[in-house]
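Undergrad: One structure, as structure tokens, below. Some questions next.
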Amino acid sequence: MNIRHAAGLPILAMACAMAVALTGTGPAALASTRHTDTAASGVTWSAAAQPMTARRPFGAACSAVPRTGKGSFTGMAADPVATAASHNPALSTLVAAVKKAGLVDTLNGADGITVFAPTNQAFAKIPKMTLAKVLADKKMLTSILTYHVVAGRKTPDDLRRGRFTTLQGSTVATRGSGTAYAVNNARVVCGDVATRNATVYIIDTVLMPKK
């Protein structure tokens with residue numbers, strides 16, 4: 001398919017202003033390590049369940065996350081990633097795209113994933129005509145969104161010098177240390193955010209697959 005915010009943006013894991021459209025799956029689906037979303041172009045995703053150890057999110061953007069409620073770190077940890085993300089409006093473009101591609105169930109149903117979640121500002125870097133074209137092409141949109149998801153809950157240590165195969169099929173490269181990390185050409189602005197089934201790293205640039 002766990003936040004705080006960058007430069008005054010509220011931030012969350014993966015998805016946003018369409019809470020009414022993002023409904024979590026039941027315990028049985030969340031317990032499964034294999035999920036097929038026929039609505040999302042038949043995407044099949046398998047991931048080994050990995051328990052989340054207690055860590056504190058990091059990054060300048062994390063400071064805007066509410067201390068209490070559904071949008072707090074504690075609140076987000078109780079919900080699957082797409083549902084958790086829907087409680088924060090800073091990722092509304094991402095959430096709308098996830099819904100349009102039919103990936104809500106894929107993200108909510110996966111067990112043990114990492115999501116690199118672009119902010120609204122990240123999408124704003126894309127020319128409007130190009131973004132409109134992508135949003136209108138479900139195959140292309142699905143390819144881009146699934147390129148932001150990798151199997152397993154990745155820790156900051158994993159990201160120090162990593163290369164991971166994405167749900168889309170190609171790889172992303174990560175690097176960094178301390179509280180400064182990058183994913184390809186994107187900077188992590190709030191990282192290591194826990195949701196019930198995923199670890200989220202909020203990024204400032206949309207990742208583009210090479211194939």
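By order in the structure tokens, chains are A, B, ...; within a chain, residues start at 1; ligands start at 1, following the order shown.
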Under the rule of at most 8 Å, produce a per-residue listing of range 75-150 of chain A near range 163-187 of chain A: chain, number, name, the closest pair of atoms, and the distance in Å, as a tab-separated table, using only C-alpha atoms.

TA:
```
residue	atom	partner	partner_atom	distance
A:Ser143	CA	A:Gln168	CA	5.7
A:Ile144	CA	A:Gln168	CA	7.5
A:Leu145	CA	A:Gln168	CA	8.0
A:Thr146	CA	A:Gln168	CA	4.8
A:Tyr147	CA	A:Gln168	CA	4.8
A:His148	CA	A:Thr166	CA	6.8
A:Val149	CA	A:Thr166	CA	5.5
A:Val150	CA	A:Thr166	CA	4.5
```

Undergrad: What does the distance from CA of Phe116 in chain A to CA of Tyr201 in chain A come to in Å, to one decimal?

TA: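 Distance between the two atoms: 4.9 Å.
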
Undergrad: Determine which residues of range 95-191 of chain A receive a DSSP assignment of helix (DSSP H, G or I), computed from the backbone, and state them as a PyMOL selection string.

TA: chain A and resi 95-101+104-109+120-124+128-136+138-146+156-159

Undergrad: For a test of reading the model, state the distance in Å between CA of Leu94 in chain A and CA of Arg160 in chain A, rounded to one decimal.

TA: 25.7 Å

Undergrad: From the options A:Gly191, A:Gly59, A:Gly71, A:Pro118, which residue's atoms come nearest to Thr83 in chain A, counting only C-alpha atoms?

TA: A:Gly71

Undergrad: Can you list, as number ranges by chain, every residue of range 27-193 of chain A that DSSP puts in strand (DSSP E)?

TA: A: 34-37, 43-46, 113-118, 149-151, 161-165, 171-177, 180-183, 186-193

Undergrad: So how many Å separate CA of Ser86 in chain A and CA of Ala117 in chain A, to one decimal?

TA: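 That distance, rounded to one decimal, is 12.4 Å.
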
Undergrad: Which is closest to Val98 in chain A among A:Val65, A:Ala85, A:Ala60, A:Met76, if we use only C-alpha atoms?

TA: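 Closest candidate: A:Ala85.
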
Undergrad: Restricting the calculation to only C-alpha atoms: of A:Val188, A:Ala84, A:Met140, A:Ala64, which residue gets closest to Ala97 in chain A?

TA: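 Selected residue with least distance to Ala97 in chain A: A:Met140.
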
Undergrad: Just want the 12 Å neighbourhood of Leu131 in chain A, counted on only C-alpha atoms, with same-chain residues fewer than 5 positions away dropped. Output as a ChimeraX atom specification.

TA: /A:93-94,97,122-126,136-137,140-141,144,206

Undergrad: Please determine, counting only C-alpha atoms, which residue among A:Arg67, A:Lys133, A:Arg196, A:Arg55 has the shortest atom-to-atom distance to Asp111 in chain A.

TA: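 Selected residue with least distance to Asp111 in chain A: A:Arg196.
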
Undergrad: Which residue out of A:Cys62, A:Cys190, A:Ala90, A:Val81 has the minimum interatomic distance to Thr114 in chain A when only C-alpha atoms are used?

TA: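 Of A:Cys62, A:Cys190, A:Ala90, A:Val81, the one nearest Thr114 in chain A is A:Val81, counting only C-alpha atoms.
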